[in-house]
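Chemist: Encoded as structure tokens, here's the structure I'll be asking about.
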Amino acid sequence: MTEVFVRMQMLQPEPPPARESGLPKWLRENLFSGWLNSSLTVLGLLAVGWILYASLPWWLHSVWHASSLGECRKIIAETWGEGATGACWAVVRERWYQWIFGFYAPALWWRPILAFGLLFAALGPVLFAGQKKALSVILGAVLAYLVVTLWLASAPTVPVLLALALVAGLLVLAQVAPGKLIWVTLLYPFLCFWLLWGGSIWTPIGGLLGFIILVAVTIGLSRVIGPAVSAGIGLVVAVLWWLYLSGPVMGGLQSVLPLGIASVNSDQFGGFLLAITIGVTAIGCSLPMGILLALGRQSDMLIVKTLCVGFIEFIRGVPLITLLFTASLLLQYFLPPGTNFDIILRVIILVTLFAAAYLAEVIRGGLAALPRGQYEAADALGLDYWQAQRLIILPQALKISIPAIVSTFIGLFKDTTLVAFVGLMDPLKGITQIVRADINWKGIYWEPYIYVGAIFFLICFSMARYSMALERRLKTDHR
Amino acid sequence: MAEAHAMMQVSDEVAVQISQMNKWYGQFHVLRDINLTVMKGERIVICGPSGSGKSTLIRCINRLEEHQSGRIVVDGTELTNDLKNIDKVRSEVGMVFQHFNLFPHLTILENCTLAPIWVRKVPKREAEETAMHFLHKVKIPEQANKYPGQLSGGQQQRVAIARSLCMRPRIMLFDEPTSALDPEMIKEVLDTMIQLAEEGMTMLCVTHEMGFAQAVANRVIFMDQGQIVEQNAPKEFFSNPQSDRTKLFLSQILGH
């Protein structure tokens, strides 16, 4: 017999039973789903409770006002009784600037402060391309930051007014033509270099001219002999300019029209000023280099491929510290005699090469994840190799690789502390050692490391959050 | 259909000329002594069992695959290692793939305007107008600002056809355009292709849609083991196949 059923009236939706919604459901599903999970939850809570019980007094008994560790201990003993533990943040209060600026002269602090603020104005057009609102918010925040910090650092009036006018101008530009802001990003490295190291303004202009020569030669020749070869020739011409011509020409201009600010030597750099300088430059330079290496590794041209594979495998096979020692010792032997190659610049170059090798492999993973059909569709439409890479392949491959790329960047930034091994004053070891060598703060241990760790965490966590936001923004496949 | 056929004139100009072409994958001789002349306005359906080399054949016509001997001349340009010639041929030959191969990071409109803007150097405004014209034609102008992932398979394939048409190709290649589609969506894609055929486009289609072959093809080519086994007008091909291999193939695909 066949059972026949016809529904005459449709059912209305009803709310779920109380057990199946809200907090009780969440608790049961996540913390108490079975006897094993329940006991683990209890154990976990006990562990958290024990850690808090053990460390909370230390945090609560913090001392901020003291001139030495001994005084800190005395205050803690007086207030909380003999044997009580407590944090002595007075060291951070008294010496905070050394972890930030190293031995950079206090009268010149406004320069790194300004460079740091403008860094975000320069990053904005890259990180938030085409998002007018986000750009305006960033530029507004930079403006507010500069007003407060430059005032606190008692910066000279003229540069402050110039800087504020510049940022305000950018804010207006962001409303009118946000696309043009990318030029700020391109010019920023030279301005930043000049602000940090100071000296004649003609030096960074000489550096900039080298890049202009590179671009001009590449574009000029690419119609005749193809883009790859002309880029190579352009690079050679630019390097010749930097090595032999830029110095005398710019020196001449300086003697005719002397413009400059007090110069600061690389050995004054330290702390987060050093870490951020190395980290940001290496991050900025290693990404394009990593992309080229990844493409080179996939190339059909045997020599290009071999060079790229050899470079990547060599760099990945060697510890970063070895490369840093190379930077501090060996590199000097290979350069033309008489060139005084700055130690920070050398370290930046080696850290960049190191990160580029890792990035190349990360990006290769993204390239490999793309279906062959994407290459074929680009080819079938008549796009040439570079157009296909730039418009079709890389946007997708980089999007896939964002988490791994940002991981590499975070790793790179934390690895900048390794420059301590070649005598540079990184925030973690270099500066902390100097502070602890002070007779007043001898024996202090946790507080400096917590302070430095917190700043590192803040920066790295921001990078991670940005990458997650970027992934969400670029998600176009299923929505 | 009778009036439609009257409109579909075949000219005496040659669109594609393939002579004594051979191709190997390593040791495997995948295409053997292919000779094929396609006239302008001709609509050719290529069928055959899987692995017979039919996809490879049409992929040789825009050099997605390289041939090792013989000649392929497309619209007067011979395909050699010269990259300039290859790019020229590719910009004049449209291709539609089995798996659509739309660019998932670009909107439908951007998918359609990308190649005209970068390869043909058409101004953006003009490229967008052309794209909208062809999106109207494939009947999905309202999807222009969506991403490919938001469209059904049939819609994606119609976008892929529109994307190719935006380059104003002289020849269209279809590589099993309906094989990856649900049965309900096959018709909408075939309708688009029939419309294209009626406008006189030169078409080479690898397909197993025998109804389509009967409706619009002026020649059906049957391939097996890398060779052209039989070619004939569709009526003759289906009613009176000559070779045993063709008979077997037809009995298998038309069997139920």
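Going by the structure tokens order, chains are called A, B, ..., each with residues numbered from 1, while ligands are numbered from 1 in the order shown.
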Distance cut-off 8 Å, counting only C-alpha atoms - which residues of chain A neighbour chain B? Return them as a PyMOL selection string.

Modeler: chain A and resi 373-374+376-377+379-384+387+392+395-396+474+476-479

Chemist: Among stretch 149-194 of chain B, which ones does DSSP assign to alpha helix (DSSP H) (computed from the backbone)? Answer as a VMD selection string.

Modeler: chain B and resid 153 to 165 183 to 194

Chemist: Export, as a PDB file, in the first residue's frame, the selected residues with N, CA and C atoms.

Modeler:
ATOM      1  N   GLY B 153      26.952  28.538 -13.545  1.00  0.00           N
ATOM      2  CA  GLY B 153      27.862  28.066 -14.587  1.00  0.00           C
ATOM      3  C   GLY B 153      27.477  28.561 -15.966  1.00  0.00           C
ATOM      4  N   GLY B 154      26.184  28.490 -16.275  1.00  0.00           N
ATOM      5  CA  GLY B 154      25.736  28.923 -17.595  1.00  0.00           C
ATOM      6  C   GLY B 154      25.995  30.400 -17.816  1.00  0.00           C
ATOM      7  N   GLN B 155      25.726  31.189 -16.744  1.00  0.00           N
ATOM      8  CA  GLN B 155      25.984  32.629 -16.852  1.00  0.00           C
ATOM      9  C   GLN B 155      27.475  32.893 -17.043  1.00  0.00           C
ATOM     10  N   GLN B 156      28.310  32.149 -16.284  1.00  0.00           N
ATOM     11  CA  GLN B 156      29.757  32.356 -16.410  1.00  0.00           C
ATOM     12  C   GLN B 156      30.222  32.060 -17.826  1.00  0.00           C
ATOM     13  N   GLN B 157      29.676  30.973 -18.417  1.00  0.00           N
ATOM     14  CA  GLN B 157      30.123  30.635 -19.753  1.00  0.00           C
ATOM     15  C   GLN B 157      29.678  31.697 -20.756  1.00  0.00           C
ATOM     16  N   ARG B 158      28.499  32.276 -20.529  1.00  0.00           N
ATOM     17  CA  ARG B 158      28.070  33.343 -21.446  1.00  0.00           C
ATOM     18  C   ARG B 158      28.953  34.578 -21.278  1.00  0.00           C
ATOM     19  N   VAL B 159      29.375  34.856 -20.018  1.00  0.00           N
ATOM     20  CA  VAL B 159      30.319  35.958 -19.821  1.00  0.00           C
ATOM     21  C   VAL B 159      31.621  35.665 -20.563  1.00  0.00           C
ATOM     22  N   ALA B 160      32.068  34.405 -20.487  1.00  0.00           N
ATOM     23  CA  ALA B 160      33.322  34.046 -21.164  1.00  0.00           C
ATOM     24  C   ALA B 160      33.198  34.297 -22.668  1.00  0.00           C
ATOM     25  N   ILE B 161      32.018  33.996 -23.221  1.00  0.00           N
ATOM     26  CA  ILE B 161      31.812  34.252 -24.649  1.00  0.00           C
ATOM     27  C   ILE B 161      31.843  35.756 -24.913  1.00  0.00           C
ATOM     28  N   ALA B 162      31.150  36.526 -24.050  1.00  0.00           N
ATOM     29  CA  ALA B 162      31.148  37.980 -24.223  1.00  0.00           C
ATOM     30  C   ALA B 162      32.561  38.535 -24.104  1.00  0.00           C
ATOM     31  N   ARG B 163      33.344  38.000 -23.143  1.00  0.00           N
ATOM     32  CA  ARG B 163      34.717  38.475 -22.951  1.00  0.00           C
ATOM     33  C   ARG B 163      35.528  38.286 -24.233  1.00  0.00           C
ATOM     34  N   SER B 164      35.366  37.128 -24.871  1.00  0.00           N
ATOM     35  CA  SER B 164      36.085  36.905 -26.125  1.00  0.00           C
ATOM     36  C   SER B 164      35.604  37.847 -27.216  1.00  0.00           C
ATOM     37  N   LEU B 165      34.277  38.055 -27.272  1.00  0.00           N
ATOM     38  CA  LEU B 165      33.732  38.895 -28.348  1.00  0.00           C
ATOM     39  C   LEU B 165      34.191  40.338 -28.228  1.00  0.00           C
ATOM     40  N   PRO B 183      22.584  20.210 -16.982  1.00  0.00           N
ATOM     41  CA  PRO B 183      21.740  20.083 -18.188  1.00  0.00           C
ATOM     42  C   PRO B 183      20.864  21.307 -18.437  1.00  0.00           C
ATOM     43  N   GLU B 184      20.333  21.911 -17.373  1.00  0.00           N
ATOM     44  CA  GLU B 184      19.431  23.056 -17.592  1.00  0.00           C
ATOM     45  C   GLU B 184      20.161  24.260 -18.196  1.00  0.00           C
ATOM     46  N   MET B 185      21.478  24.333 -17.971  1.00  0.00           N
ATOM     47  CA  MET B 185      22.197  25.529 -18.405  1.00  0.00           C
ATOM     48  C   MET B 185      22.802  25.378 -19.788  1.00  0.00           C
ATOM     49  N   ILE B 186      22.807  24.145 -20.285  1.00  0.00           N
ATOM     50  CA  ILE B 186      23.435  23.924 -21.588  1.00  0.00           C
ATOM     51  C   ILE B 186      22.715  24.728 -22.656  1.00  0.00           C
ATOM     52  N   LYS B 187      21.380  24.776 -22.559  1.00  0.00           N
ATOM     53  CA  LYS B 187      20.616  25.409 -23.615  1.00  0.00           C
ATOM     54  C   LYS B 187      20.960  26.884 -23.762  1.00  0.00           C
ATOM     55  N   GLU B 188      21.081  27.591 -22.616  1.00  0.00           N
ATOM     56  CA  GLU B 188      21.325  29.035 -22.709  1.00  0.00           C
ATOM     57  C   GLU B 188      22.669  29.326 -23.384  1.00  0.00           C
ATOM     58  N   VAL B 189      23.639  28.452 -23.147  1.00  0.00           N
ATOM     59  CA  VAL B 189      24.938  28.656 -23.801  1.00  0.00           C
ATOM     60  C   VAL B 189      24.840  28.313 -25.282  1.00  0.00           C
ATOM     61  N   LEU B 190      24.174  27.208 -25.590  1.00  0.00           N
ATOM     62  CA  LEU B 190      24.034  26.826 -27.001  1.00  0.00           C
ATOM     63  C   LEU B 190      23.272  27.889 -27.783  1.00  0.00           C
ATOM     64  N   ASP B 191      22.225  28.464 -27.156  1.00  0.00           N
ATOM     65  CA  ASP B 191      21.469  29.529 -27.835  1.00  0.00           C
ATOM     66  C   ASP B 191      22.383  30.688 -28.207  1.00  0.00           C
ATOM     67  N   THR B 192      23.266  31.043 -27.248  1.00  0.00           N
ATOM     68  CA  THR B 192      24.208  32.134 -27.524  1.00  0.00           C
ATOM     69  C   THR B 192      25.112  31.784 -28.694  1.00  0.00           C
ATOM     70  N   MET B 193      25.570  30.529 -28.720  1.00  0.00           N
ATOM     71  CA  MET B 193      26.474  30.121 -29.797  1.00  0.00           C
ATOM     72  C   MET B 193      25.753  30.085 -31.141  1.00  0.00           C
ATOM     73  N   ILE B 194      24.496  29.648 -31.118  1.00  0.00           N
ATOM     74  CA  ILE B 194      23.729  29.612 -32.370  1.00  0.00           C
ATOM     75  C   ILE B 194      23.544  31.031 -32.911  1.00  0.00           C
TER      76      ILE B 194
END

Chemist: Taking 3 positions as the minimum chain separation for residues in the same chain, which residues sit within 12 Å of B:Gly41 when counting only C-alpha atoms? Answer as a list in words.

Modeler: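 Listed by chain and then number, they are His5, Met7, Met8, Gln9, Val10, Ser11, Asp12, Glu13, Val14, Ala15, Val16, Val38, Ile44, Arg170, Ile171, Met172, Leu196, Ala197, Glu198, Glu199, Gly200, Met201, Thr202, Met203, Leu204, Val216, Ala217, Asn218 and Arg219 of chain B.
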
Chemist: Could you please determine the separation between atom CA of A:Asn440 and atom CA of A:Arg73 in Å, to one decimal place?

Modeler: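 Between atom CA of A:Asn440 and atom CA of A:Arg73 the gap is 12.0 Å.
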
Chemist: Report as JSON, numbers by chain all protein, DNA and RNA residues lying within 12 Å of A:Phe211, evaluated on only C-alpha atoms, omitting residues in the same chain fewer than 5 positions from it.

Modeler: {"A": [186, 187, 189, 190, 204, 205, 206, 216, 217, 218, 231, 234, 235, 236, 237, 238, 239, 240, 241, 242, 246]}

Chemist: Just the selected residues (all heavy atoms), exported as a short mmCIF file (atom, residue, chain, number, x, y, z; two decimals), in the first residue's frame, please.

Modeler:
data_model
loop_
_atom_site.label_atom_id
_atom_site.label_comp_id
_atom_site.auth_asym_id
_atom_site.auth_seq_id
_atom_site.Cartn_x
_atom_site.Cartn_y
_atom_site.Cartn_z
N LEU A 186 56.27 57.13 -3.09
CA LEU A 186 57.51 56.96 -3.84
C LEU A 186 58.60 57.93 -3.37
O LEU A 186 59.78 57.60 -3.38
CB LEU A 186 57.26 57.15 -5.34
CG LEU A 186 56.35 56.07 -5.96
CD1 LEU A 186 56.07 56.38 -7.41
CD2 LEU A 186 57.00 54.70 -5.82
N LEU A 187 58.19 59.13 -2.97
CA LEU A 187 59.19 60.12 -2.56
C LEU A 187 59.58 59.95 -1.09
O LEU A 187 60.64 60.40 -0.67
CB LEU A 187 58.64 61.54 -2.78
CG LEU A 187 58.48 61.92 -4.25
CD1 LEU A 187 57.85 63.30 -4.38
CD2 LEU A 187 59.84 61.90 -4.96
N PRO A 189 60.78 57.53 0.89
CA PRO A 189 62.06 56.97 1.33
C PRO A 189 63.18 57.99 1.36
O PRO A 189 64.02 57.99 2.26
CB PRO A 189 62.34 55.87 0.30
CG PRO A 189 61.01 55.50 -0.22
CD PRO A 189 60.17 56.74 -0.18
N PHE A 190 63.19 58.89 0.37
CA PHE A 190 64.29 59.86 0.28
C PHE A 190 64.16 60.91 1.38
O PHE A 190 65.15 61.30 2.01
CB PHE A 190 64.29 60.49 -1.11
CG PHE A 190 64.36 59.46 -2.18
CD1 PHE A 190 63.22 59.01 -2.83
CD2 PHE A 190 65.57 58.86 -2.51
CE1 PHE A 190 63.28 58.01 -3.78
CE2 PHE A 190 65.65 57.87 -3.46
CZ PHE A 190 64.49 57.45 -4.09
N PRO A 204 70.07 62.79 -0.74
CA PRO A 204 68.90 62.01 -1.16
C PRO A 204 68.42 62.37 -2.55
O PRO A 204 67.90 61.51 -3.28
CB PRO A 204 67.84 62.36 -0.11
CG PRO A 204 68.31 63.57 0.57
CD PRO A 204 69.80 63.55 0.50
N ILE A 205 68.61 63.64 -2.96
CA ILE A 205 68.20 64.00 -4.32
C ILE A 205 69.04 63.25 -5.34
O ILE A 205 68.54 62.77 -6.37
CB ILE A 205 68.28 65.54 -4.51
CG1 ILE A 205 67.19 66.21 -3.67
CG2 ILE A 205 68.12 65.91 -5.98
CD1 ILE A 205 67.18 67.71 -3.74
N GLY A 206 70.33 63.09 -5.02
CA GLY A 206 71.20 62.29 -5.89
C GLY A 206 70.70 60.87 -6.00
O GLY A 206 70.67 60.27 -7.07
N ALA A 216 63.80 56.16 -16.64
CA ALA A 216 63.86 56.80 -17.96
C ALA A 216 64.54 55.89 -18.97
O ALA A 216 64.02 55.70 -20.08
CB ALA A 216 64.61 58.13 -17.85
N VAL A 217 65.68 55.29 -18.59
CA VAL A 217 66.39 54.41 -19.51
C VAL A 217 65.52 53.20 -19.85
O VAL A 217 65.41 52.79 -21.02
CB VAL A 217 67.73 53.96 -18.91
CG1 VAL A 217 68.36 52.86 -19.76
CG2 VAL A 217 68.68 55.14 -18.78
N THR A 218 64.87 52.63 -18.81
CA THR A 218 64.05 51.44 -19.05
C THR A 218 62.93 51.74 -20.04
O THR A 218 62.73 51.00 -21.02
CB THR A 218 63.44 50.94 -17.73
OG1 THR A 218 64.51 50.75 -16.80
CG2 THR A 218 62.73 49.63 -17.93
N ALA A 231 65.62 47.18 -18.67
CA ALA A 231 65.65 47.38 -17.23
C ALA A 231 67.04 47.06 -16.69
O ALA A 231 67.57 47.75 -15.81
CB ALA A 231 64.61 46.50 -16.54
N GLY A 234 69.28 49.93 -17.65
CA GLY A 234 68.93 51.06 -16.79
C GLY A 234 69.55 50.90 -15.42
O GLY A 234 70.08 51.86 -14.84
N LEU A 235 69.52 49.68 -14.88
CA LEU A 235 70.08 49.42 -13.55
C LEU A 235 71.58 49.69 -13.54
O LEU A 235 72.11 50.32 -12.61
CB LEU A 235 69.78 47.98 -13.14
CG LEU A 235 70.03 47.65 -11.68
CD1 LEU A 235 69.09 48.46 -10.79
CD2 LEU A 235 69.83 46.16 -11.42
N VAL A 236 72.26 49.22 -14.60
CA VAL A 236 73.71 49.43 -14.67
C VAL A 236 74.03 50.92 -14.70
O VAL A 236 74.89 51.41 -13.94
CB VAL A 236 74.30 48.73 -15.92
CG1 VAL A 236 75.75 49.13 -16.12
CG2 VAL A 236 74.16 47.22 -15.77
N VAL A 237 73.29 51.67 -15.54
CA VAL A 237 73.54 53.11 -15.63
C VAL A 237 73.30 53.78 -14.28
O VAL A 237 74.08 54.61 -13.82
CB VAL A 237 72.63 53.74 -16.72
CG1 VAL A 237 72.85 55.25 -16.77
CG2 VAL A 237 72.93 53.13 -18.07
N ALA A 238 72.19 53.37 -13.62
CA ALA A 238 71.87 53.99 -12.33
C ALA A 238 72.94 53.69 -11.30
O ALA A 238 73.35 54.57 -10.53
CB ALA A 238 70.50 53.48 -11.85
N VAL A 239 73.44 52.45 -11.28
CA VAL A 239 74.48 52.10 -10.30
C VAL A 239 75.75 52.90 -10.57
O VAL A 239 76.39 53.40 -9.64
CB VAL A 239 74.76 50.58 -10.35
CG1 VAL A 239 76.02 50.25 -9.57
CG2 VAL A 239 73.58 49.81 -9.76
N LEU A 240 76.08 53.06 -11.86
CA LEU A 240 77.26 53.87 -12.20
C LEU A 240 77.07 55.30 -11.69
O LEU A 240 78.00 55.91 -11.15
CB LEU A 240 77.49 53.87 -13.72
CG LEU A 240 78.02 52.55 -14.29
CD1 LEU A 240 78.14 52.65 -15.80
CD2 LEU A 240 79.36 52.21 -13.66
N TRP A 241 75.87 55.83 -11.88
CA TRP A 241 75.57 57.18 -11.40
C TRP A 241 75.78 57.26 -9.89
O TRP A 241 76.46 58.15 -9.39
CB TRP A 241 74.14 57.55 -11.78
CG TRP A 241 73.53 58.65 -10.97
CD1 TRP A 241 72.70 58.51 -9.91
CD2 TRP A 241 73.72 60.05 -11.14
NE1 TRP A 241 72.35 59.72 -9.40
CE2 TRP A 241 72.96 60.70 -10.13
CE3 TRP A 241 74.46 60.84 -12.03
CZ2 TRP A 241 72.91 62.09 -9.99
CZ3 TRP A 241 74.40 62.22 -11.89
CH2 TRP A 241 73.65 62.83 -10.88
N TRP A 242 75.20 56.29 -9.16
CA TRP A 242 75.29 56.32 -7.70
C TRP A 242 76.74 56.21 -7.23
O TRP A 242 77.17 56.91 -6.34
CB TRP A 242 74.48 55.17 -7.08
CG TRP A 242 73.01 55.41 -7.07
CD1 TRP A 242 72.39 56.59 -6.80
CD2 TRP A 242 71.98 54.47 -7.34
NE1 TRP A 242 71.03 56.43 -6.88
CE2 TRP A 242 70.74 55.15 -7.21
CE3 TRP A 242 71.96 53.12 -7.69
CZ2 TRP A 242 69.52 54.52 -7.41
CZ3 TRP A 242 70.74 52.50 -7.88
CH2 TRP A 242 69.54 53.19 -7.75
N SER A 246 77.10 60.66 -8.77
CA SER A 246 76.21 61.33 -7.82
C SER A 246 76.98 62.13 -6.79
O SER A 246 76.66 63.29 -6.53
CB SER A 246 75.32 60.28 -7.14
OG SER A 246 74.55 60.87 -6.15
#

Chemist: Rounded to one decimal place, report the atom CA of A:Ile393-atom CA of A:Glu361 distance in Å.

Modeler: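 Atom-to-atom, atom CA of A:Ile393 and atom CA of A:Glu361 are spaced 15.7 Å apart.
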
Chemist: If we count only C-alpha atoms and set the cut-off at 12 Å, which residues sit around B:Phe238, ignoring sequence neighbours fewer than 6 positions away in its own chain? Please answer as a list of chain:residue names.

Modeler: B:Cys47, B:Met210, B:Gly211, B:Ala213, B:Gln214, B:Arg219, B:Val220, B:Ile221, B:Phe222, B:Glu230, B:Gln231, B:Asn232, B:Thr246, B:Lys247, B:Leu248, B:Phe249, B:Leu250, B:Ser251, B:Ile253, B:Leu254

Chemist: Choose the residue, out of B:Lys54, B:Cys112, B:Glu78, B:Leu31, that has the smallest atom-to-atom separation from B:Pro141; count only C-alpha atoms.

Modeler: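 Going through B:Lys54, B:Cys112, B:Glu78, B:Leu31 one by one, the smallest distance to B:Pro141 is for B:Cys112.
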
Chemist: Which polymer residues have any atom within 6 Å of an atom of stretch 341-356 of chain A, counting only C-alpha atoms, with same-chain residues fewer than 5 positions away left out, as a count of residues only?

Modeler: 7

Chemist: Where does DSSP see strand (DSSP E or B) in stretch 182-279 of chain A, if you list the residues as number ranges by chain?

Modeler: A: 199-200, 260-261, 270

Chemist: I need the chosen residues saved as a PDB file, in the first residue's frame, with C-alpha atoms.

Modeler:
ATOM      1  CA  GLY A 199      73.291  66.174   6.129  1.00  0.00           C
ATOM      2  CA  SER A 200      73.022  67.808   2.757  1.00  0.00           C
ATOM      3  CA  GLY A 260      71.037  70.761   4.920  1.00  0.00           C
ATOM      4  CA  ILE A 261      70.363  69.784   8.491  1.00  0.00           C
ATOM      5  CA  GLY A 270      69.388  52.307  18.317  1.00  0.00           C
TER       6      GLY A 270
END

Chemist: Using only C-alpha atoms for the distances, tell me which of A:Met10, A:Val63, A:Leu331, A:Ala397 is nearest to A:Thr79.

Modeler: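 Distance minimum relative to A:Thr79 lands on A:Val63.
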
Chemist: Neighbouring residues of A:Gly198 were defined as those with any atom within 10 Å, considering only C-alpha atoms; residues of the same chain fewer than 2 positions away were excluded. Please report them as a ChimeraX atom specification.

Modeler: /A:108,111,191-196,200-201,203-204,260-265

Chemist: If I take atom CA of A:Val406 and atom CA of A:Ile291, how far is one from the other in Å, to one decimal?

Modeler: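 Separation of atom CA of A:Val406 and atom CA of A:Ile291: 14.2 Å.
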